[in-house]
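What's in model.cif: mmCIF, C-alpha atoms
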```
data_query
#
loop_
_atom_site.label_atom_id
_atom_site.label_comp_id
_atom_site.auth_asym_id
_atom_site.auth_seq_id
_atom_site.Cartn_x
_atom_site.Cartn_y
_atom_site.Cartn_z
CA MET D 260 21.78 -0.94 54.56
CA SER D 261 21.37 2.27 52.56
CA LYS D 262 20.34 0.29 49.47
CA ARG D 263 17.90 -1.75 51.51
CA LEU D 264 16.31 1.41 52.94
CA PHE D 265 16.05 3.04 49.53
CA ALA D 266 14.38 -0.14 48.26
CA GLU D 267 11.85 0.05 51.09
CA PHE D 268 11.27 3.75 50.41
CA PHE D 269 10.61 3.22 46.69
CA GLY D 270 8.54 0.11 47.27
CA THR D 271 6.29 1.83 49.80
CA PHE D 272 6.08 4.92 47.59
CA TRP D 273 4.86 2.76 44.70
CA LEU D 274 2.35 0.92 46.88
CA VAL D 275 0.77 4.13 48.21
CA PHE D 276 0.96 6.00 44.93
CA GLY D 277 -0.47 3.13 42.89
CA GLY D 278 -3.06 1.88 45.36
CA CYS D 279 -4.29 5.17 46.79
CA GLY D 280 -3.82 6.85 43.43
CA SER D 281 -6.27 4.43 41.84
CA ALA D 282 -8.79 5.32 44.54
CA VAL D 283 -8.28 9.09 44.40
CA LEU D 284 -7.81 9.58 40.66
CA ALA D 285 -9.59 6.72 38.91
CA ALA D 286 -12.30 5.37 41.23
CA ALA D 287 -13.74 8.90 41.47
CA PHE D 288 -14.95 8.51 37.88
CA PRO D 289 -17.72 5.87 37.62
CA GLN D 290 -17.39 5.81 33.84
CA LEU D 291 -13.97 4.19 34.23
CA GLY D 292 -15.64 1.34 36.05
CA ILE D 293 -12.73 0.26 38.27
CA GLY D 294 -14.65 0.40 41.56
CA PHE D 295 -13.52 -1.55 44.63
CA LEU D 296 -12.23 -4.36 42.42
CA GLY D 297 -9.94 -2.03 40.49
CA VAL D 298 -8.54 -0.45 43.65
CA ALA D 299 -7.95 -3.88 45.18
CA LEU D 300 -6.11 -5.03 42.05
CA ALA D 301 -4.05 -1.84 42.03
CA PHE D 302 -2.78 -2.48 45.55
CA GLY D 303 -1.97 -6.09 44.69
CA LEU D 304 -0.15 -5.13 41.50
CA THR D 305 2.02 -2.57 43.28
CA VAL D 306 3.27 -5.27 45.64
CA VAL D 307 3.87 -7.80 42.85
CA THR D 308 5.81 -5.39 40.69
CA MET D 309 7.98 -3.93 43.44
CA ALA D 310 8.57 -7.27 45.13
CA TYR D 311 10.06 -8.53 41.87
CA ALA D 312 11.91 -5.23 41.29
CA VAL D 313 13.54 -4.67 44.68
CA GLY D 314 12.53 -7.60 46.87
CA HIS D 315 15.93 -9.19 46.35
CA ILE D 316 17.51 -6.06 47.86
CA SER D 317 15.43 -5.43 50.99
CA GLY D 318 13.07 -8.38 51.27
CA GLY D 319 10.19 -6.30 49.93
CA HIS D 320 8.34 -5.40 53.13
CA PHE D 321 6.90 -1.97 52.19
CA ASN D 322 4.83 -2.11 55.38
CA PRO D 323 5.72 -1.67 59.08
CA ALA D 324 3.32 -4.46 60.02
CA ILE D 325 5.22 -6.87 57.77
CA THR D 326 8.55 -5.79 59.22
CA VAL D 327 7.28 -6.33 62.77
CA GLY D 328 5.64 -9.60 61.79
CA LEU D 329 8.82 -10.94 60.22
CA PHE D 330 10.73 -9.96 63.33
CA ALA D 331 8.17 -11.79 65.49
CA GLY D 332 8.49 -14.78 63.20
CA GLY D 333 12.26 -14.88 63.62
CA ARG D 334 12.96 -13.84 60.05
CA PHE D 335 14.22 -10.29 60.63
CA ALA D 336 16.83 -8.67 62.88
CA ALA D 337 15.61 -6.40 65.69
CA LYS D 338 18.24 -3.75 64.93
CA ASP D 339 16.79 -3.20 61.44
CA VAL D 340 13.14 -2.81 62.42
CA ILE D 341 13.16 0.93 63.21
CA PRO D 342 15.21 1.98 60.13
CA TYR D 343 12.87 -0.04 57.89
CA VAL D 344 9.76 1.48 59.46
CA ILE D 345 11.14 5.02 59.08
CA ALA D 346 11.97 4.43 55.40
CA GLN D 347 8.50 3.01 54.78
CA VAL D 348 6.70 5.88 56.46
CA ILE D 349 8.75 8.46 54.56
CA GLY D 350 7.97 6.63 51.32
CA GLY D 351 4.26 6.65 52.11
CA ILE D 352 4.25 10.36 52.93
CA ALA D 353 6.22 11.20 49.78
CA ALA D 354 3.79 9.24 47.62
CA ALA D 355 0.80 10.96 49.23
CA ALA D 356 2.44 14.35 48.63
CA VAL D 357 2.93 13.62 44.92
CA LEU D 358 -0.61 12.28 44.66
CA TYR D 359 -1.95 15.39 46.40
CA LEU D 360 -0.04 17.60 43.96
CA ILE D 361 -1.58 15.77 41.00
CA ALA D 362 -5.11 15.65 42.42
CA SER D 363 -4.99 19.35 43.25
CA GLY D 364 -4.87 20.06 39.53
CA LYS D 365 -8.56 19.23 39.24
CA ALA D 366 -11.05 22.00 39.98
CA GLY D 367 -13.01 21.37 43.14
CA PHE D 368 -10.61 18.85 44.64
CA ASP D 369 -10.75 18.81 48.44
CA ALA D 370 -8.68 16.19 50.27
CA THR D 371 -10.39 16.93 53.58
CA ALA D 372 -13.94 16.60 52.28
CA GLY D 373 -13.18 13.73 49.90
CA GLY D 374 -11.22 11.66 52.39
CA PHE D 375 -8.15 11.24 50.15
CA ALA D 376 -8.34 7.41 50.34
CA SER D 377 -7.85 7.54 54.11
CA ASN D 378 -8.73 4.72 56.46
CA GLY D 379 -11.52 5.19 58.96
CA TYR D 380 -14.28 3.69 61.05
CA GLY D 381 -17.72 4.78 62.21
CA GLU D 382 -19.01 7.61 60.06
CA HIS D 383 -15.73 7.53 58.11
CA SER D 384 -15.99 3.84 57.22
CA PRO D 385 -17.14 3.39 53.58
CA GLY D 386 -19.86 1.05 54.82
CA GLY D 387 -20.49 2.69 58.18
CA TYR D 388 -18.79 -0.06 60.24
CA SER D 389 -17.94 0.47 63.91
CA LEU D 390 -14.59 0.71 65.68
CA GLN D 391 -15.05 -2.88 66.87
CA SER D 392 -15.50 -4.09 63.30
CA ALA D 393 -12.45 -2.12 62.19
CA ILE D 394 -10.26 -3.59 64.92
CA VAL D 395 -11.35 -7.17 64.29
CA ILE D 396 -10.97 -7.08 60.52
CA GLU D 397 -7.62 -5.28 60.53
CA LEU D 398 -6.28 -7.67 63.17
CA VAL D 399 -7.44 -10.84 61.42
CA LEU D 400 -6.41 -9.80 57.92
CA THR D 401 -2.97 -8.56 58.94
CA ALA D 402 -2.32 -11.77 60.89
CA PHE D 403 -3.28 -13.92 57.92
CA PHE D 404 -1.24 -11.70 55.61
CA LEU D 405 1.83 -12.48 57.68
CA ILE D 406 1.03 -16.19 57.75
CA VAL D 407 0.90 -16.16 53.96
CA ILE D 408 4.13 -14.16 53.70
CA HIS D 409 5.97 -16.53 56.02
CA GLY D 410 4.59 -19.53 54.19
CA VAL D 411 5.38 -18.49 50.63
CA THR D 412 8.90 -17.40 51.59
CA ASP D 413 9.59 -20.62 53.53
CA LYS D 414 12.45 -22.67 52.10
CA ARG D 415 9.96 -25.51 51.54
CA ALA D 416 7.72 -23.37 49.30
CA PRO D 417 8.04 -23.31 45.48
CA ALA D 418 10.71 -20.79 44.51
CA GLY D 419 9.92 -17.64 42.53
CA PHE D 420 6.19 -17.37 43.22
CA ALA D 421 6.21 -15.46 46.51
CA PRO D 422 5.56 -11.99 45.00
CA LEU D 423 2.53 -13.28 43.09
CA ALA D 424 1.06 -14.98 46.14
CA ILE D 425 1.65 -11.94 48.35
CA GLY D 426 0.19 -9.54 45.79
CA LEU D 427 -2.90 -11.71 45.30
CA THR D 428 -3.33 -11.94 49.06
CA LEU D 429 -3.25 -8.15 49.35
CA THR D 430 -5.84 -7.96 46.57
CA LEU D 431 -8.09 -10.39 48.45
CA ILE D 432 -7.60 -8.43 51.68
CA HIS D 433 -8.81 -5.27 49.95
CA LEU D 434 -11.81 -7.01 48.42
CA ILE D 435 -12.85 -8.08 51.91
CA SER D 436 -12.17 -4.93 53.89
CA ILE D 437 -12.51 -1.85 51.67
CA PRO D 438 -16.16 -1.49 52.77
CA VAL D 439 -15.15 -1.70 56.45
CA THR D 440 -12.05 0.50 56.85
CA ASN D 441 -11.00 1.32 53.29
CA THR D 442 -8.28 -1.27 54.08
CA SER D 443 -5.11 -0.43 55.89
CA VAL D 444 -3.12 -3.47 57.11
CA ASN D 445 -0.25 -1.05 56.56
CA PRO D 446 0.50 1.88 58.90
CA ALA D 447 2.74 3.63 56.35
CA ARG D 448 -0.07 3.63 53.77
CA SER D 449 -2.50 5.01 56.36
CA THR D 450 -0.13 7.70 57.61
CA GLY D 451 0.74 9.18 54.22
CA VAL D 452 -2.81 9.97 53.13
CA ALA D 453 -4.03 10.86 56.65
CA ILE D 454 -1.56 13.74 56.82
CA PHE D 455 -3.11 15.31 53.72
CA GLN D 456 -6.69 14.56 54.75
CA GLY D 457 -5.75 16.46 57.87
CA THR D 458 -8.70 16.05 60.25
CA TRP D 459 -10.59 12.86 61.18
CA ALA D 460 -8.05 10.60 59.46
CA LEU D 461 -5.32 11.80 61.80
CA GLN D 462 -7.61 11.38 64.81
CA GLN D 463 -8.36 7.77 63.87
CA LEU D 464 -4.83 6.92 62.71
CA TRP D 465 -3.91 5.24 66.01
CA VAL D 466 -6.13 2.27 65.08
CA PHE D 467 -4.29 1.75 61.82
CA TRP D 468 -0.95 1.70 63.59
CA LEU D 469 -1.76 -0.30 66.67
CA VAL D 470 -3.98 -3.02 65.18
CA PRO D 471 -1.90 -3.92 62.08
CA LEU D 472 1.29 -4.04 64.17
CA VAL D 473 -0.34 -6.36 66.70
CA GLY D 474 -1.91 -8.44 63.93
CA GLY D 475 1.41 -8.71 62.12
CA ALA D 476 3.16 -9.87 65.28
CA ILE D 477 0.44 -12.45 65.94
CA GLY D 478 0.71 -13.81 62.39
CA GLY D 479 4.48 -14.08 62.65
CA LEU D 480 4.27 -15.88 65.97
CA ILE D 481 1.61 -18.29 64.70
CA TYR D 482 3.79 -19.34 61.80
CA ARG D 483 6.93 -19.52 63.94
CA CYS D 484 5.34 -21.59 66.71
CA LEU D 485 2.85 -23.75 64.86
CA LEU D 486 3.82 -24.07 61.21
CA GLU D 487 7.54 -23.61 60.75
CA ASP D 488 9.82 -26.60 60.26
CA LYS D 489 12.13 -26.37 63.26
CA LYS D 490 14.77 -28.42 61.47
#
```
Translate the structure described by the file into structure tokens.
Amino acid sequence: MSKRLFAEFFGTFWLVFGGCGSAVLAAAFPQLGIGFLGVALAFGLTVVTMAYAVGHISGGHFNPAITVGLFAGGRFAAKDVIPYVIAQVIGGIAAAAVLYLIASGKAGFDATAGGFASNGYGEHSPGGYSLQSAIVIELVLTAFFLIVIHGVTDKRAPAGFAPLAIGLTLTLIHLISIPVTNTSVNPARSTGVAIFQGTWALQQLWVFWLVPLVGGAIGGLIYRCLLEDKK
């Protein structure tokens, strides 16, 4: 179990550091030209690389919503859910702390004013989308994320391609929802940066815990009840 938890810690660290780091450090410079597309690719690449690196140790969740969704889908033991979630959240906070330390080296950096890649709705949505829009998109995208994860890790699926499919799905999710919520679908990712943003991100954090967890459970149940081969 200790190796599995360390794998989840490092995987979540890499996801938050790589994905949010691209938004905080690179996307802030228009001349680099990465924009939303670059940030979306960064999140997808973190999952691909760590899923191949440590997925064989822990299953490569790196996300409490995935852990809950796999439990709902009958793929994960209940007794391991809380330890996995704790390891993921600690990994996300550690990554945000390192990213904050790096970003603070630039004159004028202000995590509170700049948002620090936090998730939000209303006036804190990149596109000004409402709470209703945030709930719907996070719920739908997390549910479909779990359907994809269950499908590509099914014993009937082609072997060896799951990390690529999951990483590309996360990229697509970000391309759809960055303008709406800055894309969560992952409570650990949202928590890490919200702590260092320190104000509105913490106040709105409940949405990015509750909705992805519910969406993940729905996705797991859909695959388990409607798509899985019972044999």
On this structure, which residues satisfy the PyMOL selection byres ((chain D and resi 354) around 6), written as an MDAnalysis selection string?
-> chainID D and resid 272 275:276 351:353 355:357
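Distances here use all atoms listed in the file; by that measure, the residue among D:Gln463, D:Thr271, D:Ser363, D:Thr401 closest to D:Leu284 is D:Ser363.
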Name the closest residue to D:Ala376 among the candidates D:Gly451, D:Gly270, D:Gly478, D:Pro323; distances are taken between atoms, counting all atoms listed in the file.
-> D:Gly451
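Residues lying within 7 Å of stretch 418-422 of chain D, counting all atoms listed in the file and ignoring same-chain neighbours fewer than 4 positions away, are Val307, Ala310, Tyr311, Val411, Thr412 and Gly426 of chain D.
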Picked residues, the PyMOL selection byres ((chain D and resi 393) around 12), expected as a PyMOL selection string | chain D and resi 378-392+394-401+435-444+463-467+469-471
Report the residues retrieved by the PyMOL selection byres ((chain D and resi 282) around 9) from the displayed file, expressed as a PyMOL selection string.
-> chain D and resi 277-281+283-287+293-295+297-298+301+375-376
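Minimum distance to D:Val327 across D:Gln462, D:Asn445, D:Thr430, D:Thr371 (counting only C-alpha atoms) occurs at D:Asn445.
Proximity of D:Val407, D:Ile432, D:Leu274, D:Leu304 to D:Asn322, computed with only C-alpha atoms, is greatest for D:Leu274.
Ranking D:Met260, D:Leu423, D:Val473, D:Leu434 by their shortest atom-to-atom distance to D:Ile316, with only C-alpha atoms included, puts D:Met260 first.
Relative to atom CA of D:Leu405, atom CA of D:Gly475 is found at 5.8 Å.
Between atom CA of D:Ser317 and atom CA of D:Leu480 there is a distance of 21.4 Å.
Between atom CA of D:Leu485 and atom CA of D:Ile406 lies a distance of 10.5 Å.
Ranking D:Pro417, D:Gly332, D:Gly350, D:Gly410 by their shortest atom-to-atom distance to D:Pro446, with all atoms listed in the file included, puts D:Gly350 first.
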Write out as a ChimeraX atom specification the residues lying within 6 Å of D:Gly328, counting only C-alpha atoms and excluding same-chain residues fewer than 3 positions away.
-> /D:324-325,331,475-476,479
Just to be explicit: take each residue in the selection above, keep C-alpha atoms, and write the result as a PDB file, in the frame of the given file.
```pdb
ATOM      1  CA  ALA D 324       3.320  -4.460  60.020  1.00  0.00           C
ATOM      2  CA  ILE D 325       5.220  -6.870  57.770  1.00  0.00           C
ATOM      3  CA  ALA D 331       8.170 -11.790  65.490  1.00  0.00           C
ATOM      4  CA  GLY D 475       1.410  -8.710  62.120  1.00  0.00           C
ATOM      5  CA  ALA D 476       3.160  -9.870  65.280  1.00  0.00           C
ATOM      6  CA  GLY D 479       4.480 -14.080  62.650  1.00  0.00           C
TER       7      GLY D 479
END
```
Just want the 8 Å neighbourhood of D:Leu264, counted on all atoms listed in the file, with same-chain residues fewer than 6 positions away dropped. Output as a tab-separated table (two decimals) with C-alpha atoms, in the frame of the given file.
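File written: part12.tsv
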```tsv
chain	number	residue	atom	x	y	z
D	317	SER	CA	15.43	-5.43	50.99
D	342	PRO	CA	15.21	1.98	60.13
D	343	TYR	CA	12.87	-0.04	57.89
D	346	ALA	CA	11.97	4.43	55.40
```
Would you mind putting N, CA and C atoms back on stretch 378-409 of chain D and writing the result as a compact mmCIF listing (two decimals), in the frame of the given file?
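What ended up in result36.txt:
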```txt
# COMPACT_ATOMS: atom_id res chain seq x y z
N ASN D 378 -8.07 5.80 55.75
CA ASN D 378 -8.73 4.72 56.46
C ASN D 378 -9.54 5.28 57.62
N GLY D 379 -10.69 4.68 57.88
CA GLY D 379 -11.52 5.19 58.96
C GLY D 379 -12.55 4.18 59.42
N TYR D 380 -13.22 4.52 60.51
CA TYR D 380 -14.28 3.69 61.05
C TYR D 380 -15.43 4.60 61.46
N GLY D 381 -16.56 3.99 61.85
CA GLY D 381 -17.72 4.78 62.21
C GLY D 381 -18.26 5.54 61.01
N GLU D 382 -18.47 6.81 61.17
CA GLU D 382 -19.01 7.61 60.06
C GLU D 382 -18.01 7.76 58.92
N HIS D 383 -16.75 7.42 59.16
CA HIS D 383 -15.73 7.53 58.11
C HIS D 383 -15.38 6.18 57.49
N SER D 384 -16.09 5.14 57.88
CA SER D 384 -15.99 3.84 57.22
C SER D 384 -16.83 3.89 55.94
N PRO D 385 -16.34 3.38 54.81
CA PRO D 385 -17.14 3.39 53.58
C PRO D 385 -18.51 2.76 53.75
N GLY D 386 -18.59 1.72 54.59
CA GLY D 386 -19.86 1.05 54.82
C GLY D 386 -20.50 1.35 56.15
N GLY D 387 -19.93 2.31 56.90
CA GLY D 387 -20.49 2.69 58.18
C GLY D 387 -20.22 1.69 59.30
N TYR D 388 -19.11 0.96 59.23
CA TYR D 388 -18.79 -0.06 60.24
C TYR D 388 -18.15 0.58 61.47
N SER D 389 -18.37 -0.06 62.62
CA SER D 389 -17.94 0.47 63.91
C SER D 389 -16.45 0.28 64.16
N LEU D 390 -15.97 0.89 65.25
CA LEU D 390 -14.59 0.71 65.68
C LEU D 390 -14.31 -0.76 65.96
N GLN D 391 -15.24 -1.45 66.60
CA GLN D 391 -15.05 -2.88 66.87
C GLN D 391 -14.83 -3.66 65.58
N SER D 392 -15.65 -3.41 64.59
CA SER D 392 -15.50 -4.09 63.30
C SER D 392 -14.15 -3.78 62.67
N ALA D 393 -13.73 -2.52 62.76
CA ALA D 393 -12.45 -2.12 62.19
C ALA D 393 -11.29 -2.84 62.87
N ILE D 394 -11.34 -2.92 64.19
CA ILE D 394 -10.26 -3.59 64.92
C ILE D 394 -10.19 -5.07 64.57
N VAL D 395 -11.34 -5.73 64.56
CA VAL D 395 -11.35 -7.17 64.29
C VAL D 395 -10.85 -7.48 62.88
N ILE D 396 -11.35 -6.74 61.89
CA ILE D 396 -10.97 -7.08 60.52
C ILE D 396 -9.52 -6.74 60.23
N GLU D 397 -9.02 -5.63 60.75
CA GLU D 397 -7.62 -5.28 60.53
C GLU D 397 -6.69 -6.27 61.24
N LEU D 398 -7.09 -6.71 62.42
CA LEU D 398 -6.28 -7.67 63.17
C LEU D 398 -6.22 -9.02 62.45
N VAL D 399 -7.37 -9.53 62.06
CA VAL D 399 -7.44 -10.84 61.42
C VAL D 399 -6.73 -10.83 60.07
N LEU D 400 -6.99 -9.83 59.26
CA LEU D 400 -6.41 -9.80 57.92
C LEU D 400 -4.90 -9.59 57.95
N THR D 401 -4.42 -8.75 58.86
CA THR D 401 -2.97 -8.56 58.94
C THR D 401 -2.29 -9.83 59.43
N ALA D 402 -2.89 -10.52 60.39
CA ALA D 402 -2.32 -11.77 60.89
C ALA D 402 -2.23 -12.80 59.77
N PHE D 403 -3.31 -12.96 59.01
CA PHE D 403 -3.28 -13.92 57.92
C PHE D 403 -2.33 -13.50 56.81
N PHE D 404 -2.20 -12.20 56.59
CA PHE D 404 -1.24 -11.70 55.61
C PHE D 404 0.16 -12.16 55.97
N LEU D 405 0.50 -12.07 57.24
CA LEU D 405 1.83 -12.48 57.68
C LEU D 405 2.00 -14.00 57.63
N ILE D 406 0.94 -14.73 57.89
CA ILE D 406 1.03 -16.19 57.75
C ILE D 406 1.33 -16.56 56.31
N VAL D 407 0.65 -15.91 55.38
CA VAL D 407 0.90 -16.16 53.96
C VAL D 407 2.34 -15.78 53.60
N ILE D 408 2.78 -14.61 54.04
CA ILE D 408 4.13 -14.16 53.70
C ILE D 408 5.18 -15.13 54.23
N HIS D 409 5.03 -15.55 55.47
CA HIS D 409 5.97 -16.53 56.02
C HIS D 409 5.92 -17.84 55.23
```
